[in-house]
$ cat run-v4.pdb   # PDB, C-alpha atoms, pLDDT in the B column
ATOM      1  CA  MET A  25      -2.926  -1.250  25.242  1.00 45.00           C
ATOM      2  CA  ALA A  26      -6.287  -2.817  24.429  1.00 43.00           C
ATOM      3  CA  SER A  27      -6.901  -0.182  21.761  1.00 46.00           C
ATOM      4  CA  ARG A  28      -3.526  -0.923  20.183  1.00 45.00           C
ATOM      5  CA  ALA A  29      -4.280  -4.640  20.192  1.00 45.00           C
ATOM      6  CA  VAL A  30      -7.589  -4.114  18.395  1.00 44.00           C
ATOM      7  CA  LEU A  31      -5.941  -1.748  15.883  1.00 46.00           C
ATOM      8  CA  CYS A  32      -3.165  -4.280  15.177  1.00 46.00           C
ATOM      9  CA  CYS A  33      -5.793  -6.989  14.731  1.00 47.00           C
ATOM     10  CA  GLY A  34      -7.658  -4.750  12.320  1.00 49.00           C
ATOM     11  CA  LEU A  35      -4.543  -3.958  10.298  1.00 46.00           C
ATOM     12  CA  TRP A  36      -3.776  -7.678  10.122  1.00 49.00           C
ATOM     13  CA  LEU A  37      -7.319  -8.319   8.877  1.00 49.00           C
ATOM     14  CA  CYS A  38      -6.971  -5.590   6.222  1.00 47.00           C
ATOM     15  CA  SER A  39      -3.735  -7.195   4.998  1.00 50.00           C
ATOM     16  CA  LEU A  40      -5.441 -10.584   4.864  1.00 49.00           C
ATOM     17  CA  LEU A  41      -8.396  -9.166   2.913  1.00 49.00           C
ATOM     18  CA  LEU A  42      -6.100  -7.470   0.396  1.00 47.00           C
ATOM     19  CA  PHE A  43      -4.122 -10.719  -0.023  1.00 47.00           C
ATOM     20  CA  LEU A  44      -7.301 -12.718  -0.595  1.00 47.00           C
ATOM     21  CA  THR A  45      -8.553 -10.097  -3.040  1.00 45.00           C
ATOM     22  CA  THR A  46      -5.329 -10.254  -5.053  1.00 45.00           C
ATOM     23  CA  SER A  47      -5.431 -14.057  -5.108  1.00 48.00           C
ATOM     24  CA  THR A  48      -9.066 -14.055  -6.179  1.00 46.00           C
ATOM     25  CA  ALA A  49      -8.368 -11.565  -8.971  1.00 45.00           C
ATOM     26  CA  ALA A  50      -5.525 -13.740 -10.288  1.00 45.00           C
ATOM     27  CA  GLN A  51      -7.685 -16.869 -10.194  1.00 49.00           C
ATOM     28  CA  THR A  52     -10.518 -15.048 -11.967  1.00 45.00           C
ATOM     29  CA  THR A  53      -8.172 -13.911 -14.759  1.00 44.00           C
ATOM     30  CA  THR A  54      -6.912 -17.479 -15.246  1.00 44.00           C
ATOM     31  CA  THR A  55     -10.460 -18.847 -15.252  1.00 45.00           C
ATOM     32  CA  GLN A  56     -11.632 -16.294 -17.802  1.00 47.00           C
ATOM     33  CA  SER A  57      -8.708 -17.121 -20.120  1.00 45.00           C
ATOM     34  CA  THR A  58      -9.389 -20.860 -19.898  1.00 42.00           C
ATOM     35  CA  THR A  59     -13.110 -20.364 -20.460  1.00 44.00           C
ATOM     36  CA  ALA A  60     -12.481 -18.236 -23.552  1.00 41.00           C
ATOM     37  CA  GLN A  61     -10.359 -20.997 -25.107  1.00 42.00           C
ATOM     38  CA  THR A  62     -12.525 -24.013 -24.305  1.00 38.00           C
ATOM     39  CA  ASN A  63     -16.188 -22.944 -24.136  1.00 44.00           C
ATOM     40  CA  SER A  64     -18.672 -22.006 -26.812  1.00 38.00           C
ATOM     41  CA  ALA A  65     -20.093 -18.489 -27.099  1.00 35.00           C
ATOM     42  CA  SER A  66     -23.084 -19.378 -24.904  1.00 38.00           C
ATOM     43  CA  GLY A  67     -20.793 -20.991 -22.357  1.00 39.00           C
ATOM     44  CA  GLN A  68     -18.628 -17.895 -22.278  1.00 33.00           C
ATOM     45  CA  MET A  69     -21.660 -15.693 -21.618  1.00 31.00           C
ATOM     46  CA  ALA A  70     -22.781 -17.914 -18.751  1.00 36.00           C
ATOM     47  CA  GLY A  71     -19.281 -17.866 -17.275  1.00 37.00           C
ATOM     48  CA  MET A  72     -19.172 -14.080 -17.432  1.00 34.00           C
ATOM     49  CA  GLU A  73     -22.513 -13.848 -15.648  1.00 36.00           C
ATOM     50  CA  ASP A  74     -21.271 -16.159 -12.898  1.00 39.00           C
ATOM     51  CA  MET A  75     -18.141 -14.043 -12.382  1.00 38.00           C
ATOM     52  CA  SER A  76     -19.875 -10.674 -12.547  1.00 42.00           C
ATOM     53  CA  GLY A  77     -19.975  -8.458  -9.488  1.00 50.00           C
ATOM     54  CA  THR A  78     -17.317  -7.569  -6.956  1.00 66.00           C
ATOM     55  CA  SER A  79     -16.053  -9.048  -3.732  1.00 88.00           C
ATOM     56  CA  THR A  80     -14.153  -6.262  -1.921  1.00 95.00           C
ATOM     57  CA  ASP A  81     -15.454  -2.891  -0.740  1.00 96.00           C
ATOM     58  CA  LEU A  82     -13.432   0.140   0.370  1.00 97.00           C
ATOM     59  CA  PHE A  83     -15.769   2.692   1.930  1.00 97.00           C
ATOM     60  CA  LEU A  84     -15.618   6.231   3.282  1.00 97.00           C
ATOM     61  CA  MET A  85     -18.800   7.230   5.088  1.00 96.00           C
ATOM     62  CA  PRO A  86     -19.185  10.572   6.869  1.00 95.00           C
ATOM     63  CA  GLY A  87     -22.283  11.018   8.941  1.00 92.00           C
ATOM     64  CA  SER A  88     -23.824  12.741  11.914  1.00 90.00           C
ATOM     65  CA  ASP A  89     -24.660  11.373  15.340  1.00 86.00           C
ATOM     66  CA  PHE A  90     -27.922  12.303  16.983  1.00 82.00           C
ATOM     67  CA  ASP A  91     -27.081  11.719  20.621  1.00 73.00           C
ATOM     68  CA  ARG A  92     -29.846  10.626  22.994  1.00 66.00           C
ATOM     69  CA  PRO A  93     -31.267  12.461  24.785  1.00 61.00           C
ATOM     70  CA  GLY A  94     -31.313  15.834  23.080  1.00 66.00           C
ATOM     71  CA  LEU A  95     -30.757  14.947  19.401  1.00 73.00           C
ATOM     72  CA  VAL A  96     -27.457  16.875  19.423  1.00 81.00           C
ATOM     73  CA  PRO A  97     -25.665  16.587  16.036  1.00 86.00           C
ATOM     74  CA  ARG A  98     -22.015  15.478  16.103  1.00 89.00           C
ATOM     75  CA  ALA A  99     -19.547  14.497  13.366  1.00 92.00           C
ATOM     76  CA  ASN A 100     -19.109  10.779  12.690  1.00 93.00           C
ATOM     77  CA  LEU A 101     -16.393   9.822  10.162  1.00 96.00           C
ATOM     78  CA  ASN A 102     -16.072   6.179   9.152  1.00 96.00           C
ATOM     79  CA  ILE A 103     -13.550   4.402   6.886  1.00 98.00           C
ATOM     80  CA  GLY A 104     -13.113   0.681   6.359  1.00 98.00           C
ATOM     81  CA  ILE A 105     -12.739  -2.335   4.125  1.00 98.00           C
ATOM     82  CA  GLY A 106     -14.820  -5.463   3.619  1.00 97.00           C
ATOM     83  CA  HIS A 107     -14.475  -8.704   1.669  1.00 97.00           C
ATOM     84  CA  THR A 108     -17.170 -11.193   0.653  1.00 95.00           C
ATOM     85  CA  PHE A 109     -16.379 -14.862   1.263  1.00 94.00           C
ATOM     86  CA  GLY A 110     -18.057 -17.566  -0.786  1.00 90.00           C
ATOM     87  CA  PHE A 111     -18.314 -20.056   2.078  1.00 91.00           C
ATOM     88  CA  LEU A 112     -20.518 -17.552   3.975  1.00 91.00           C
ATOM     89  CA  LYS A 113     -23.071 -17.118   1.167  1.00 87.00           C
ATOM     90  CA  LYS A 114     -25.702 -19.159   3.022  1.00 89.00           C
ATOM     91  CA  ASP A 115     -24.949 -17.651   6.414  1.00 93.00           C
ATOM     92  CA  PRO A 116     -28.084 -15.790   7.617  1.00 92.00           C
ATOM     93  CA  VAL A 117     -25.994 -13.242   9.555  1.00 94.00           C
ATOM     94  CA  GLY A 118     -23.756 -12.143   6.702  1.00 95.00           C
ATOM     95  CA  ASP A 119     -21.306 -13.017   3.947  1.00 94.00           C
ATOM     96  CA  GLU A 120     -18.963 -10.004   4.059  1.00 97.00           C
ATOM     97  CA  LEU A 121     -16.416  -9.510   6.851  1.00 97.00           C
ATOM     98  CA  THR A 122     -15.371  -5.921   7.560  1.00 98.00           C
ATOM     99  CA  PHE A 123     -12.920  -3.832   9.553  1.00 98.00           C
ATOM    100  CA  ALA A 124     -13.688  -0.171  10.159  1.00 98.00           C
ATOM    101  CA  TYR A 125     -12.306   2.831  12.035  1.00 98.00           C
ATOM    102  CA  THR A 126     -14.665   5.574  13.214  1.00 97.00           C
ATOM    103  CA  TYR A 127     -13.929   9.004  14.685  1.00 96.00           C
ATOM    104  CA  GLU A 128     -16.731  10.740  16.553  1.00 94.00           C
ATOM    105  CA  ASN A 129     -16.799  14.144  18.163  1.00 92.00           C
ATOM    106  CA  ALA A 130     -17.641  13.350  21.783  1.00 86.00           C
ATOM    107  CA  GLY A 131     -17.532  16.950  23.041  1.00 85.00           C
ATOM    108  CA  SER A 132     -20.388  19.026  24.379  1.00 80.00           C
ATOM    109  CA  HIS A 133     -20.176  21.636  21.598  1.00 82.00           C
ATOM    110  CA  GLY A 134     -18.975  22.004  18.014  1.00 86.00           C
ATOM    111  CA  PHE A 135     -19.674  19.650  15.143  1.00 90.00           C
ATOM    112  CA  PHE A 136     -16.461  18.357  13.543  1.00 92.00           C
ATOM    113  CA  HIS A 137     -13.916  18.280  16.370  1.00 91.00           C
ATOM    114  CA  THR A 138     -13.281  19.057  20.029  1.00 91.00           C
ATOM    115  CA  ASN A 139     -10.652  17.922  22.520  1.00 90.00           C
ATOM    116  CA  PHE A 140     -12.945  15.044  23.430  1.00 93.00           C
ATOM    117  CA  GLY A 141     -13.026  12.330  20.801  1.00 94.00           C
ATOM    118  CA  SER A 142     -14.374   8.816  20.425  1.00 94.00           C
ATOM    119  CA  HIS A 143     -12.164   6.452  18.393  1.00 97.00           C
ATOM    120  CA  THR A 144     -13.625   3.062  17.471  1.00 97.00           C
ATOM    121  CA  GLU A 145     -12.001   0.071  15.804  1.00 98.00           C
ATOM    122  CA  ALA A 146     -14.583  -2.594  14.983  1.00 98.00           C
ATOM    123  CA  LEU A 147     -14.869  -5.941  13.227  1.00 98.00           C
ATOM    124  CA  GLY A 148     -18.169  -6.662  11.538  1.00 98.00           C
ATOM    125  CA  VAL A 149     -20.229  -8.927   9.338  1.00 98.00           C
ATOM    126  CA  MET A 150     -22.448  -7.594   6.548  1.00 97.00           C
ATOM    127  CA  LYS A 151     -25.341  -9.268   4.741  1.00 96.00           C
ATOM    128  CA  ASN A 152     -26.133  -7.986   1.247  1.00 93.00           C
ATOM    129  CA  PHE A 153     -29.523  -8.739  -0.283  1.00 94.00           C
ATOM    130  CA  GLY A 154     -31.368  -7.805  -3.446  1.00 94.00           C
ATOM    131  CA  LEU A 155     -34.519  -5.736  -3.663  1.00 96.00           C
ATOM    132  CA  PRO A 156     -37.474  -6.621  -5.925  1.00 94.00           C
ATOM    133  CA  LYS A 157     -37.682  -5.113  -9.419  1.00 92.00           C
ATOM    134  CA  THR A 158     -34.302  -3.340  -9.275  1.00 94.00           C
ATOM    135  CA  LYS A 159     -30.633  -4.168  -9.655  1.00 91.00           C
ATOM    136  CA  VAL A 160     -29.410  -0.610  -9.134  1.00 96.00           C
ATOM    137  CA  VAL A 161     -30.317  -0.561  -5.432  1.00 97.00           C
ATOM    138  CA  THR A 162     -29.574  -3.348  -2.942  1.00 96.00           C
ATOM    139  CA  GLY A 163     -30.023  -3.552   0.803  1.00 97.00           C
ATOM    140  CA  TYR A 164     -27.713  -4.667   3.588  1.00 97.00           C
ATOM    141  CA  THR A 165     -27.520  -5.290   7.304  1.00 98.00           C
ATOM    142  CA  TRP A 166     -24.289  -4.687   9.214  1.00 98.00           C
ATOM    143  CA  ILE A 167     -23.422  -5.949  12.709  1.00 98.00           C
ATOM    144  CA  GLN A 168     -20.217  -4.662  14.328  1.00 98.00           C
ATOM    145  CA  ALA A 169     -18.372  -5.146  17.611  1.00 98.00           C
ATOM    146  CA  GLY A 170     -15.142  -3.591  18.777  1.00 98.00           C
ATOM    147  CA  LEU A 171     -13.418  -1.192  21.129  1.00 98.00           C
ATOM    148  CA  THR A 172     -14.070   2.524  21.635  1.00 97.00           C
ATOM    149  CA  SER A 173     -11.421   4.795  23.176  1.00 97.00           C
ATOM    150  CA  PHE A 174     -12.443   8.144  24.671  1.00 95.00           C
ATOM    151  CA  THR A 175      -9.730  10.818  24.543  1.00 95.00           C
ATOM    152  CA  GLY A 176      -9.496  14.278  26.092  1.00 93.00           C
ATOM    153  CA  ASN A 177      -9.602  13.156  29.729  1.00 91.00           C
ATOM    154  CA  ALA A 178      -6.649  12.600  32.046  1.00 92.00           C
ATOM    155  CA  HIS A 179      -6.602   8.942  30.965  1.00 93.00           C
ATOM    156  CA  VAL A 180      -7.849   7.206  27.821  1.00 95.00           C
ATOM    157  CA  GLU A 181     -11.050   5.337  28.637  1.00 95.00           C
ATOM    158  CA  ASN A 182     -11.714   2.111  26.714  1.00 96.00           C
ATOM    159  CA  ARG A 183     -15.222   0.710  26.263  1.00 96.00           C
ATOM    160  CA  LEU A 184     -16.754  -2.155  24.309  1.00 97.00           C
ATOM    161  CA  TYR A 185     -18.722  -1.112  21.237  1.00 98.00           C
ATOM    162  CA  ASP A 186     -21.796  -2.671  19.636  1.00 98.00           C
ATOM    163  CA  GLY A 187     -23.432  -1.395  16.443  1.00 97.00           C
ATOM    164  CA  GLU A 188     -26.259  -2.558  14.184  1.00 97.00           C
ATOM    165  CA  ALA A 189     -27.070  -0.885  10.877  1.00 97.00           C
ATOM    166  CA  LEU A 190     -29.612  -1.147   8.070  1.00 98.00           C
ATOM    167  CA  GLY A 191     -28.736   0.455   4.767  1.00 98.00           C
ATOM    168  CA  ALA A 192     -29.158   0.705   1.010  1.00 98.00           C
ATOM    169  CA  ALA A 193     -26.441   0.647  -1.643  1.00 97.00           C
ATOM    170  CA  ILE A 194     -26.923   2.574  -4.895  1.00 97.00           C
ATOM    171  CA  HIS A 195     -24.726   1.068  -7.633  1.00 96.00           C
ATOM    172  CA  PHE A 196     -23.547   3.392 -10.416  1.00 96.00           C
ATOM    173  CA  ASN A 197     -21.589   0.513 -11.975  1.00 95.00           C
ATOM    174  CA  ASP A 198     -19.626  -2.547 -10.804  1.00 90.00           C
ATOM    175  CA  HIS A 199     -16.988  -0.403  -9.076  1.00 95.00           C
ATOM    176  CA  ASN A 200     -18.654   2.759  -7.767  1.00 97.00           C
ATOM    177  CA  GLY A 201     -21.590   3.300  -5.483  1.00 97.00           C
ATOM    178  CA  ILE A 202     -23.150   5.200  -2.640  1.00 98.00           C
ATOM    179  CA  TRP A 203     -24.110   3.726   0.729  1.00 97.00           C
ATOM    180  CA  ILE A 204     -26.873   5.222   2.862  1.00 97.00           C
ATOM    181  CA  GLN A 205     -27.458   3.777   6.303  1.00 96.00           C
ATOM    182  CA  GLU A 206     -29.000   4.228   9.721  1.00 96.00           C
ATOM    183  CA  SER A 207     -27.060   2.800  12.675  1.00 95.00           C
ATOM    184  CA  TYR A 208     -27.942   2.012  16.265  1.00 95.00           C
ATOM    185  CA  ASN A 209     -24.888   2.277  18.535  1.00 94.00           C
ATOM    186  CA  LYS A 210     -24.382   1.213  22.150  1.00 94.00           C
ATOM    187  CA  ILE A 211     -21.385   1.747  24.414  1.00 94.00           C
ATOM    188  CA  PRO A 212     -21.531   0.851  28.134  1.00 92.00           C
ATOM    189  CA  THR A 213     -21.839   3.932  30.398  1.00 87.00           C
ATOM    190  CA  VAL A 214     -22.924   6.019  27.355  1.00 86.00           C
ATOM    191  CA  PRO A 215     -26.584   6.534  26.337  1.00 85.00           C
ATOM    192  CA  TRP A 216     -27.454   4.757  23.085  1.00 88.00           C
ATOM    193  CA  TYR A 217     -27.453   6.910  19.979  1.00 90.00           C
ATOM    194  CA  THR A 218     -28.199   6.672  16.279  1.00 91.00           C
ATOM    195  CA  THR A 219     -26.096   7.672  13.288  1.00 92.00           C
ATOM    196  CA  THR A 220     -27.267   8.576   9.794  1.00 93.00           C
ATOM    197  CA  GLY A 221     -24.473   8.109   7.255  1.00 95.00           C
ATOM    198  CA  ILE A 222     -23.960   8.490   3.515  1.00 97.00           C
ATOM    199  CA  GLY A 223     -20.699   7.720   1.750  1.00 97.00           C
ATOM    200  CA  TYR A 224     -18.770   6.596  -1.287  1.00 98.00           C
ATOM    201  CA  THR A 225     -17.762   2.989  -1.907  1.00 96.00           C
ATOM    202  CA  TRP A 226     -15.160   1.667  -4.358  1.00 96.00           C
ATOM    203  CA  SER A 227     -15.519  -2.038  -5.129  1.00 95.00           C
ATOM    204  CA  TRP A 228     -13.345  -4.482  -7.039  1.00 94.00           C
TER     205      TRP A 228
END
$ encode --input "run-v4.pdb" --output "C-alpha cells"
Amino acid sequence: MASRAVLCCGLWLCSLLLFLTTSTAAQTTTTQSTTAQTNSASGQMAGMEDMSGTSTDLFLMPGSDFDRPGLVPRANLNIGIGHTFGFLKKDPVGDELTFAYTYENAGSHGFFHTNFGSHTEALGVMKNFGLPKTKVVTGYTWIQAGLTSFTGNAHVENRLYDGEALGAAIHFNDHNGIWIQESYNKIPTVPWYTTTGIGYTWSW
C-alpha cells in the first residue's frame, strides 16, 4: 500500500510538472511575440539570452550497482522527470524538483534480472551549476528520498530510500545531452552501495 501511495504521488507530481511546463512554454511564446513587436534589435537579443536554456528534463539512465561488500555488478535502470522552478534559483540545495523510478536487480547472480528485484520511487531536488571555461559541460548534485520495495520473497518488503549523487551533464544542444553520475545509496537493513550511471536526457 505504501508503495502504491508513493507511486500515485509521483504520477501526480509528473502531471503537475508537465502542466507547469506547458504553461511556461505558452507564456514564453507570448513574451517572445511581444518583445519582437516592441523592443529594438539589441533589446530583442537581450530578451532571447534571458529566455535561453530549458526548464524540464526527461531522463533515461541505465547503470550498474557495485554492491558493498564484494563489488558485485548489478543492473540499475532509472527513468524520471525534473522541472526547474525560478523561485528556487537561490536555494543552496537545489532548483530542480524530480521524480524518478529505478529498477535494480537485487538477486545473488545475473546482471539484468532475477526473481529478486528492488523497485524505488523517489522524489528529489537537483542543483545545477556551471563549470569554469566551458558551457558544454555543467555539474549537478542530486538528493533523493523515497520508498524501495523488494520483490521475490513471500511478501513485498518496503524500505525507506536515501540517495546522493554528483554528476556532469554534457550538452549537445539545448534539447539533447548525456548525464554521467556517481551515486551513494542507503536503504535500512541493506549495506550501502554505489551506482555509476550514464544516460540520455531530453530537455525542453
$ closest_residue --input "run-v4.pdb" --among "A:Ala178, A:Leu82, A:Leu184, A:Leu190" --to "Thr165 of chain A" --atoms "all atoms listed in the file"
A:Leu190
$ atom_distance --input "run-v4.pdb" --atom1 "atom CA of Asn177 of chain A" --atom2 "atom CA of Met85 of chain A"
27.0 Å
$ atom_distance --input "run-v4.pdb" --atom1 "atom CA of Leu121 of chain A" --atom2 "atom CA of Phe174 of chain A"
25.4 Å
$ residues_around --input "run-v4.pdb" --residues "Ala146 of chain A" --least-positions-apart "4" --cutoff "8 Å" --atoms "only C-alpha atoms" --output "list in words"
Val30, Gly34, Phe123, Ala124, Tyr125, Gln168, Ala169, Gly170, Leu171 and Tyr185 of chain A
$ residues_around --input "run-v4.pdb" --residues "segment 209-221 of chain A" --least-positions-apart "3" --cutoff "7 Å" --atoms "only C-alpha atoms" --output "PyMOL selection string"
chain A and resi 85-92+183-188+204-206
$ resolve_selection --input "run-v4.pdb" --expression "the PyMOL selection byres ((chain A and resi 226) around 10)" --output "number ranges by chain"
A: 78, 80-84, 105, 198-202, 224-225, 227-228
$ closest_residue --input "run-v4.pdb" --among "A:Thr144, A:Glu120, A:Asn102, A:Gly134" --to "Gly223 of chain A" --atoms "only C-alpha atoms"
A:Asn102
$ resolve_selection --input "run-v4.pdb" --expression "the PyMOL selection byres ((chain A and resi 192) around 8)" --output "list in words"
Val161, Thr162, Gly163, Tyr164, Leu190, Gly191, Ala193, Ile194, Trp203, Ile204 and Gln205 of chain A
$ resolve_selection --input "run-v4.pdb" --expression "the PyMOL selection byres ((chain A and resi 108) around 6)" --output "ChimeraX atom specification"
/A:79,107,109,119-120
$ atom_distance --input "run-v4.pdb" --atom1 "atom CA of Ile103 of chain A" --atom2 "atom CA of Ile167 of chain A"
15.4 Å
$ residues_near_point --input "run-v4.pdb" --point "(-17.0, 16.1, 15.4)" --cutoff "6 Å" --atoms "only C-alpha atoms" --output "ChimeraX atom specification"
/A:98-99,128-129,135-137
$ residues_around --input "run-v4.pdb" --residues "Thr122 of chain A" --least-positions-apart "5" --cutoff "8 Å" --atoms "only C-alpha atoms" --output "PyMOL selection string"
chain A and resi 104-107+147-150
